[in-house]
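The block underneath contains the structure these notes are about, expressed in structure tokens.
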Amino acid sequence: MTDSSGADSGADLPDRSDDSSAAPDLRASDADREQVAERLRDALAEGRLDMEEFEERLDATYKARTYRELAPLTRDLPGPGAPAAPVNLVKGPLPEGAVDWAARIGGEATSTWGVGVLSGFQRKGRWTAPRQFNCFTFWGGGEIDLREANFEAKEVVVNCVAIMGGMNVVVPPGVEVVVRGIGIMGGFDHSEEGVPGDPGAPRVVVTGFAFWGGVGVERKVTRAERQRLKAERKAARRGLLEGGGGRHELLHGDRFDRHADRFDRHRERLEEHLDRLEERRERRDRRHRD
């Protein structure tokens, strides 16, 4: 279509995208502003913008009159359906001690509930925690150990109901914890709340109800990680000694590690003893029922 001068009326219109540098001073339409606003809403939902940044940019979007004013508002955001930067599909080795959280999120849950009535239950080691794990104890106990677990989703809920009993939720470092349980003559442990999670790490929400009982939450490293950290400390002390450091610090550190090892062995033996007692109690209960 041409105007009265014979020129193509649509030939010089810029593409309605953020890269409008060819005609930055052209007036923006309502549709252009709405397109930018939609990109900002997506960025807020994805966590690329916080609420304050989102509100500032959204206000600037609806005040913008030209493409030059609109372009900077989404320049640091990925386009629709595109990543913010090229993704390297060949993974390099992780730093020593770092957790590959992406590899631990996803997959089908291997257990979704636990019950301990006059007895106990455990979920520990290698397992996949579901989006919601429901557990109940009555005159019993339970342990939900997530240190070596995989997670079905980025957020998992551990719903605990403890009646005259107790439960303990163990999470690894780097995982964010939120506690929302209610206790009546009992309680939920909030000591691990407020610790920021690692980027990409899952979030664990502990909720439920405790009556004359309690739900504890603690953050611990795995035994393998504890051994690795101990080896690092020993290597650092050896290096200090070889570099002219004091022998006293080395000996003191070695004594501390030996004490920690004895404590760990004692705790493991105690846990094994409790497990055996629990197995005997369950066998006795089965015989009584039969």
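Residues are named by chain letter and number: chains run A, B, ... in the order of the structure tokens, numbers start at 1 in each chain, and ligands are numbered from 1 in the order shown.
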Find the residues around Glu69 (chain A) up to 10 Å (only C-alpha atoms counted), leave out those fewer than 3 positions away in its own chain, and share them as an MDAnalysis selection string. chainID A and resid 24:25 27:28 60:61 63:66 72:73
Same residues, all heavy atoms, saved as a PDB file, in the first residue's frame:
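selection.pdb, written as the output of this step:
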```pdb
ATOM      1  N   PRO A  24      15.033   4.486  17.113  1.00  0.00           N
ATOM      2  CA  PRO A  24      14.806   4.613  18.550  1.00  0.00           C
ATOM      3  C   PRO A  24      13.879   5.755  18.932  1.00  0.00           C
ATOM      4  O   PRO A  24      13.307   5.736  20.014  1.00  0.00           O
ATOM      5  CB  PRO A  24      16.212   4.813  19.110  1.00  0.00           C
ATOM      6  CG  PRO A  24      16.985   5.401  17.986  1.00  0.00           C
ATOM      7  CD  PRO A  24      16.435   4.785  16.745  1.00  0.00           C
ATOM      8  N   ASP A  25      13.731   6.731  18.064  1.00  0.00           N
ATOM      9  CA  ASP A  25      12.929   7.893  18.433  1.00  0.00           C
ATOM     10  C   ASP A  25      11.485   7.800  17.952  1.00  0.00           C
ATOM     11  O   ASP A  25      10.710   8.742  18.150  1.00  0.00           O
ATOM     12  CB  ASP A  25      13.573   9.167  17.874  1.00  0.00           C
ATOM     13  CG  ASP A  25      14.898   9.461  18.563  1.00  0.00           C
ATOM     14  OD1 ASP A  25      14.975   9.253  19.782  1.00  0.00           O
ATOM     15  OD2 ASP A  25      15.853   9.861  17.879  1.00  0.00           O
ATOM     16  N   ARG A  27       7.630   6.783  18.026  1.00  0.00           N
ATOM     17  CA  ARG A  27       6.688   6.692  19.134  1.00  0.00           C
ATOM     18  C   ARG A  27       6.267   5.245  19.341  1.00  0.00           C
ATOM     19  O   ARG A  27       6.016   4.499  18.401  1.00  0.00           O
ATOM     20  CB  ARG A  27       5.460   7.550  18.845  1.00  0.00           C
ATOM     21  CG  ARG A  27       5.750   9.012  18.564  1.00  0.00           C
ATOM     22  CD  ARG A  27       6.061   9.781  19.815  1.00  0.00           C
ATOM     23  NE  ARG A  27       4.885   9.967  20.650  1.00  0.00           N
ATOM     24  CZ  ARG A  27       4.839  10.763  21.711  1.00  0.00           C
ATOM     25  NH1 ARG A  27       5.946  11.425  22.080  1.00  0.00           N
ATOM     26  NH2 ARG A  27       3.760  10.896  22.421  1.00  0.00           N
ATOM     27  N   ALA A  28       6.188   4.825  20.597  1.00  0.00           N
ATOM     28  CA  ALA A  28       5.747   3.476  20.944  1.00  0.00           C
ATOM     29  C   ALA A  28       4.237   3.441  21.081  1.00  0.00           C
ATOM     30  O   ALA A  28       3.602   4.412  21.501  1.00  0.00           O
ATOM     31  CB  ALA A  28       6.402   3.034  22.243  1.00  0.00           C
ATOM     32  N   ALA A  60       8.087   2.846  34.563  1.00  0.00           N
ATOM     33  CA  ALA A  60       8.772   3.486  33.437  1.00  0.00           C
ATOM     34  C   ALA A  60       8.205   3.017  32.105  1.00  0.00           C
ATOM     35  O   ALA A  60       8.172   3.779  31.131  1.00  0.00           O
ATOM     36  CB  ALA A  60      10.270   3.178  33.510  1.00  0.00           C
ATOM     37  N   THR A  61       7.754   1.759  32.051  1.00  0.00           N
ATOM     38  CA  THR A  61       7.180   1.235  30.805  1.00  0.00           C
ATOM     39  C   THR A  61       5.947   2.023  30.397  1.00  0.00           C
ATOM     40  O   THR A  61       5.809   2.441  29.231  1.00  0.00           O
ATOM     41  CB  THR A  61       6.825  -0.251  30.986  1.00  0.00           C
ATOM     42  OG1 THR A  61       8.009  -0.993  31.233  1.00  0.00           O
ATOM     43  CG2 THR A  61       6.128  -0.807  29.763  1.00  0.00           C
ATOM     44  N   LYS A  63       5.108   4.928  31.239  1.00  0.00           N
ATOM     45  CA  LYS A  63       5.401   6.343  31.004  1.00  0.00           C
ATOM     46  C   LYS A  63       6.171   6.565  29.707  1.00  0.00           C
ATOM     47  O   LYS A  63       6.295   7.698  29.245  1.00  0.00           O
ATOM     48  CB  LYS A  63       6.205   6.916  32.172  1.00  0.00           C
ATOM     49  CG  LYS A  63       5.407   7.081  33.455  1.00  0.00           C
ATOM     50  CD  LYS A  63       6.289   7.645  34.563  1.00  0.00           C
ATOM     51  CE  LYS A  63       5.494   7.829  35.854  1.00  0.00           C
ATOM     52  NZ  LYS A  63       6.353   8.333  36.955  1.00  0.00           N
ATOM     53  N   ALA A  64       6.739   5.481  29.149  1.00  0.00           N
ATOM     54  CA  ALA A  64       7.587   5.611  27.967  1.00  0.00           C
ATOM     55  C   ALA A  64       6.776   6.085  26.765  1.00  0.00           C
ATOM     56  O   ALA A  64       5.626   5.675  26.564  1.00  0.00           O
ATOM     57  CB  ALA A  64       8.254   4.267  27.658  1.00  0.00           C
ATOM     58  N   ARG A  65       7.423   6.922  25.947  1.00  0.00           N
ATOM     59  CA  ARG A  65       6.758   7.446  24.750  1.00  0.00           C
ATOM     60  C   ARG A  65       7.449   6.965  23.472  1.00  0.00           C
ATOM     61  O   ARG A  65       6.841   6.983  22.413  1.00  0.00           O
ATOM     62  CB  ARG A  65       6.743   8.975  24.784  1.00  0.00           C
ATOM     63  CG  ARG A  65       5.860   9.551  25.884  1.00  0.00           C
ATOM     64  CD  ARG A  65       4.377   9.277  25.586  1.00  0.00           C
ATOM     65  NE  ARG A  65       3.506   9.734  26.667  1.00  0.00           N
ATOM     66  CZ  ARG A  65       3.046   8.943  27.616  1.00  0.00           C
ATOM     67  NH1 ARG A  65       3.405   7.646  27.642  1.00  0.00           N
ATOM     68  NH2 ARG A  65       2.251   9.390  28.558  1.00  0.00           N
ATOM     69  N   THR A  66       8.706   6.574  23.557  1.00  0.00           N
ATOM     70  CA  THR A  66       9.448   6.175  22.370  1.00  0.00           C
ATOM     71  C   THR A  66      10.131   4.841  22.594  1.00  0.00           C
ATOM     72  O   THR A  66      10.250   4.356  23.722  1.00  0.00           O
ATOM     73  CB  THR A  66      10.530   7.219  22.020  1.00  0.00           C
ATOM     74  OG1 THR A  66      11.509   7.226  23.064  1.00  0.00           O
ATOM     75  CG2 THR A  66       9.940   8.612  21.870  1.00  0.00           C
ATOM     76  N   PRO A  72      15.843   0.030  27.073  1.00  0.00           N
ATOM     77  CA  PRO A  72      16.686  -0.338  28.229  1.00  0.00           C
ATOM     78  C   PRO A  72      15.968  -1.153  29.292  1.00  0.00           C
ATOM     79  O   PRO A  72      16.621  -1.790  30.120  1.00  0.00           O
ATOM     80  CB  PRO A  72      17.114   1.031  28.794  1.00  0.00           C
ATOM     81  CG  PRO A  72      16.873   2.013  27.699  1.00  0.00           C
ATOM     82  CD  PRO A  72      15.716   1.495  26.933  1.00  0.00           C
ATOM     83  N   LEU A  73      14.640  -1.148  29.275  1.00  0.00           N
ATOM     84  CA  LEU A  73      13.893  -1.793  30.361  1.00  0.00           C
ATOM     85  C   LEU A  73      13.992  -3.313  30.318  1.00  0.00           C
ATOM     86  O   LEU A  73      13.798  -3.983  31.338  1.00  0.00           O
ATOM     87  CB  LEU A  73      12.426  -1.354  30.313  1.00  0.00           C
ATOM     88  CG  LEU A  73      12.201   0.156  30.493  1.00  0.00           C
ATOM     89  CD1 LEU A  73      10.732   0.501  30.306  1.00  0.00           C
ATOM     90  CD2 LEU A  73      12.687   0.618  31.862  1.00  0.00           C
TER      91      LEU A  73
END
```
List as a PyMOL selection string the protein and nucleic acid residues near region 154-160 of chain A, meaning an atom at most 6 Å away when only C-alpha atoms are counted, but skip any in the same chain fewer than 4 places from it. chain A and resi 131-135+202-208
In region 131-215 of chain A, what's strand (DSSP E) per DSSP? Answer as number ranges by chain? A: 132-138, 141-145, 150-151, 155-163, 166-171, 176-179, 182-184, 187-188, 203-211, 214-215
Deliver the residues from the most recent selection as a file, using N, CA and C atoms, as a tab-separated table (two decimals), in the first residue's frame.
```tsv
chain	number	residue	atom	x	y	z
A	132	GLN	N	5.25	-33.85	48.64
A	132	GLN	CA	4.74	-33.79	50.01
A	132	GLN	C	4.92	-35.15	50.66
A	133	PHE	N	5.65	-35.16	51.77
A	133	PHE	CA	5.85	-36.37	52.54
A	133	PHE	C	5.02	-36.25	53.81
A	134	ASN	N	4.07	-37.16	54.01
A	134	ASN	CA	3.18	-37.15	55.16
A	134	ASN	C	3.64	-38.20	56.17
A	135	CYS	N	3.75	-37.80	57.43
A	135	CYS	CA	4.18	-38.76	58.44
A	135	CYS	C	3.41	-38.54	59.74
A	136	PHE	N	3.26	-39.65	60.50
A	136	PHE	CA	2.46	-39.64	61.72
A	136	PHE	C	3.14	-40.51	62.77
A	137	THR	N	3.21	-39.99	64.00
A	137	THR	CA	3.73	-40.80	65.10
A	137	THR	C	2.78	-40.68	66.29
A	138	PHE	N	2.59	-41.81	66.98
A	138	PHE	CA	1.81	-41.85	68.22
A	138	PHE	C	2.59	-42.72	69.20
A	141	GLY	N	8.46	-42.48	67.21
A	141	GLY	CA	9.35	-41.48	66.65
A	141	GLY	C	9.62	-41.72	65.19
A	142	GLY	N	10.14	-40.71	64.55
A	142	GLY	CA	10.46	-40.83	63.13
A	142	GLY	C	11.62	-39.93	62.77
A	143	GLU	N	12.38	-40.34	61.77
A	143	GLU	CA	13.49	-39.54	61.27
A	143	GLU	C	13.39	-39.43	59.76
A	144	ILE	N	13.41	-38.20	59.26
A	144	ILE	CA	13.40	-37.92	57.83
A	144	ILE	C	14.72	-37.25	57.51
A	145	ASP	N	15.64	-38.00	56.95
A	145	ASP	CA	17.00	-37.53	56.69
A	145	ASP	C	17.12	-37.23	55.19
A	150	ASN	N	17.46	-37.26	46.94
A	150	ASN	CA	17.06	-36.45	45.79
A	150	ASN	C	15.68	-35.87	46.08
A	151	PHE	N	15.26	-34.90	45.28
A	151	PHE	CA	14.01	-34.20	45.53
A	151	PHE	C	13.15	-34.24	44.26
A	155	GLU	N	10.56	-27.57	45.55
A	155	GLU	CA	10.07	-27.38	46.91
A	155	GLU	C	9.38	-28.64	47.38
A	156	VAL	N	9.78	-29.13	48.55
A	156	VAL	CA	9.13	-30.31	49.13
A	156	VAL	C	8.56	-29.93	50.49
A	157	VAL	N	7.43	-30.51	50.81
A	157	VAL	CA	6.75	-30.26	52.07
A	157	VAL	C	6.81	-31.53	52.91
A	158	VAL	N	7.28	-31.40	54.15
A	158	VAL	CA	7.28	-32.52	55.10
A	158	VAL	C	6.19	-32.22	56.12
A	159	ASN	N	5.08	-32.95	56.02
A	159	ASN	CA	3.92	-32.72	56.88
A	159	ASN	C	3.97	-33.70	58.05
A	160	CYS	N	4.23	-33.19	59.25
A	160	CYS	CA	4.44	-34.03	60.43
A	160	CYS	C	3.27	-33.89	61.40
A	161	VAL	N	2.71	-35.01	61.83
A	161	VAL	CA	1.72	-35.04	62.90
A	161	VAL	C	2.29	-35.92	64.01
A	162	ALA	N	2.61	-35.31	65.15
A	162	ALA	CA	3.25	-36.02	66.25
A	162	ALA	C	2.36	-35.94	67.48
A	163	ILE	N	1.81	-37.07	67.91
A	163	ILE	CA	0.96	-37.14	69.09
A	163	ILE	C	1.72	-37.91	70.16
A	166	GLY	N	7.70	-37.90	68.70
A	166	GLY	CA	8.60	-36.91	68.13
A	166	GLY	C	9.11	-37.31	66.76
A	167	MET	N	9.53	-36.31	66.02
A	167	MET	CA	10.14	-36.53	64.70
A	167	MET	C	11.32	-35.59	64.56
A	168	ASN	N	12.24	-35.99	63.69
A	168	ASN	CA	13.41	-35.16	63.43
A	168	ASN	C	13.64	-35.09	61.93
A	169	VAL	N	13.75	-33.87	61.42
A	169	VAL	CA	14.01	-33.65	59.99
A	169	VAL	C	15.45	-33.15	59.87
A	170	VAL	N	16.25	-33.85	59.09
A	170	VAL	CA	17.66	-33.50	58.91
A	170	VAL	C	17.86	-33.03	57.47
A	171	VAL	N	18.40	-31.82	57.32
A	171	VAL	CA	18.63	-31.27	55.99
A	171	VAL	C	20.12	-30.99	55.81
A	176	GLU	N	17.28	-24.27	51.91
A	176	GLU	CA	16.46	-23.33	52.68
A	176	GLU	C	15.38	-24.08	53.44
A	177	VAL	N	15.14	-23.68	54.68
A	177	VAL	CA	14.14	-24.35	55.53
A	177	VAL	C	13.10	-23.33	55.97
A	178	VAL	N	11.83	-23.71	55.84
A	178	VAL	CA	10.70	-22.91	56.34
A	178	VAL	C	9.88	-23.81	57.26
A	179	VAL	N	9.57	-23.33	58.46
A	179	VAL	CA	8.80	-24.12	59.44
A	179	VAL	C	7.45	-23.44	59.66
A	182	ILE	N	2.34	-26.23	63.91
A	182	ILE	CA	1.65	-25.73	65.10
A	182	ILE	C	1.86	-26.73	66.23
A	183	GLY	N	2.23	-26.24	67.40
A	183	GLY	CA	2.42	-27.11	68.55
A	183	GLY	C	1.49	-26.75	69.70
A	184	ILE	N	0.86	-27.77	70.29
A	184	ILE	CA	0.04	-27.60	71.49
A	184	ILE	C	0.63	-28.50	72.56
A	187	GLY	N	5.99	-28.61	70.25
A	187	GLY	CA	6.57	-27.53	69.46
A	187	GLY	C	7.29	-28.00	68.22
A	188	PHE	N	7.58	-27.01	67.37
A	188	PHE	CA	8.36	-27.20	66.16
A	188	PHE	C	9.64	-26.37	66.28
A	203	ARG	N	13.94	-26.20	48.44
A	203	ARG	CA	13.38	-25.56	49.64
A	203	ARG	C	12.57	-26.61	50.39
A	204	VAL	N	12.77	-26.73	51.69
A	204	VAL	CA	12.07	-27.71	52.50
A	204	VAL	C	11.13	-26.98	53.45
A	205	VAL	N	9.85	-27.27	53.36
A	205	VAL	CA	8.83	-26.67	54.21
A	205	VAL	C	8.37	-27.73	55.21
A	206	VAL	N	8.55	-27.47	56.49
A	206	VAL	CA	8.14	-28.40	57.55
A	206	VAL	C	6.86	-27.86	58.17
A	207	THR	N	5.81	-28.64	58.07
A	207	THR	CA	4.52	-28.19	58.58
A	207	THR	C	3.86	-29.34	59.33
A	208	GLY	N	2.67	-29.08	59.89
A	208	GLY	CA	1.95	-30.13	60.60
A	208	GLY	C	1.48	-29.70	61.97
A	209	PHE	N	1.40	-30.69	62.88
A	209	PHE	CA	0.79	-30.48	64.19
A	209	PHE	C	1.49	-31.38	65.21
A	210	ALA	N	1.78	-30.81	66.36
A	210	ALA	CA	2.42	-31.59	67.44
A	210	ALA	C	1.63	-31.39	68.72
A	211	PHE	N	1.18	-32.50	69.34
A	211	PHE	CA	0.45	-32.46	70.60
A	211	PHE	C	1.19	-33.34	71.60
A	214	GLY	N	7.01	-33.23	69.67
A	214	GLY	CA	7.85	-32.21	69.06
A	214	GLY	C	8.41	-32.65	67.73
A	215	VAL	N	8.73	-31.65	66.92
A	215	VAL	CA	9.35	-31.89	65.62
A	215	VAL	C	10.63	-31.07	65.58
```
Within 7 Å of Gly197 (chain A), counting only C-alpha atoms, which residues show up once you throw out same-chain ones fewer than 4 positions away? Write them as a PyMOL selection string, please. chain A and resi 174-176+201
Pick out the residues sitting within 6 Å of Met164 (chain A), and hand them over as a list in words; count only C-alpha atoms, and ignore anything fewer than 3 positions along from it in its own chain. Phe138, Trp139, Trp212 and Gly213 of chain A
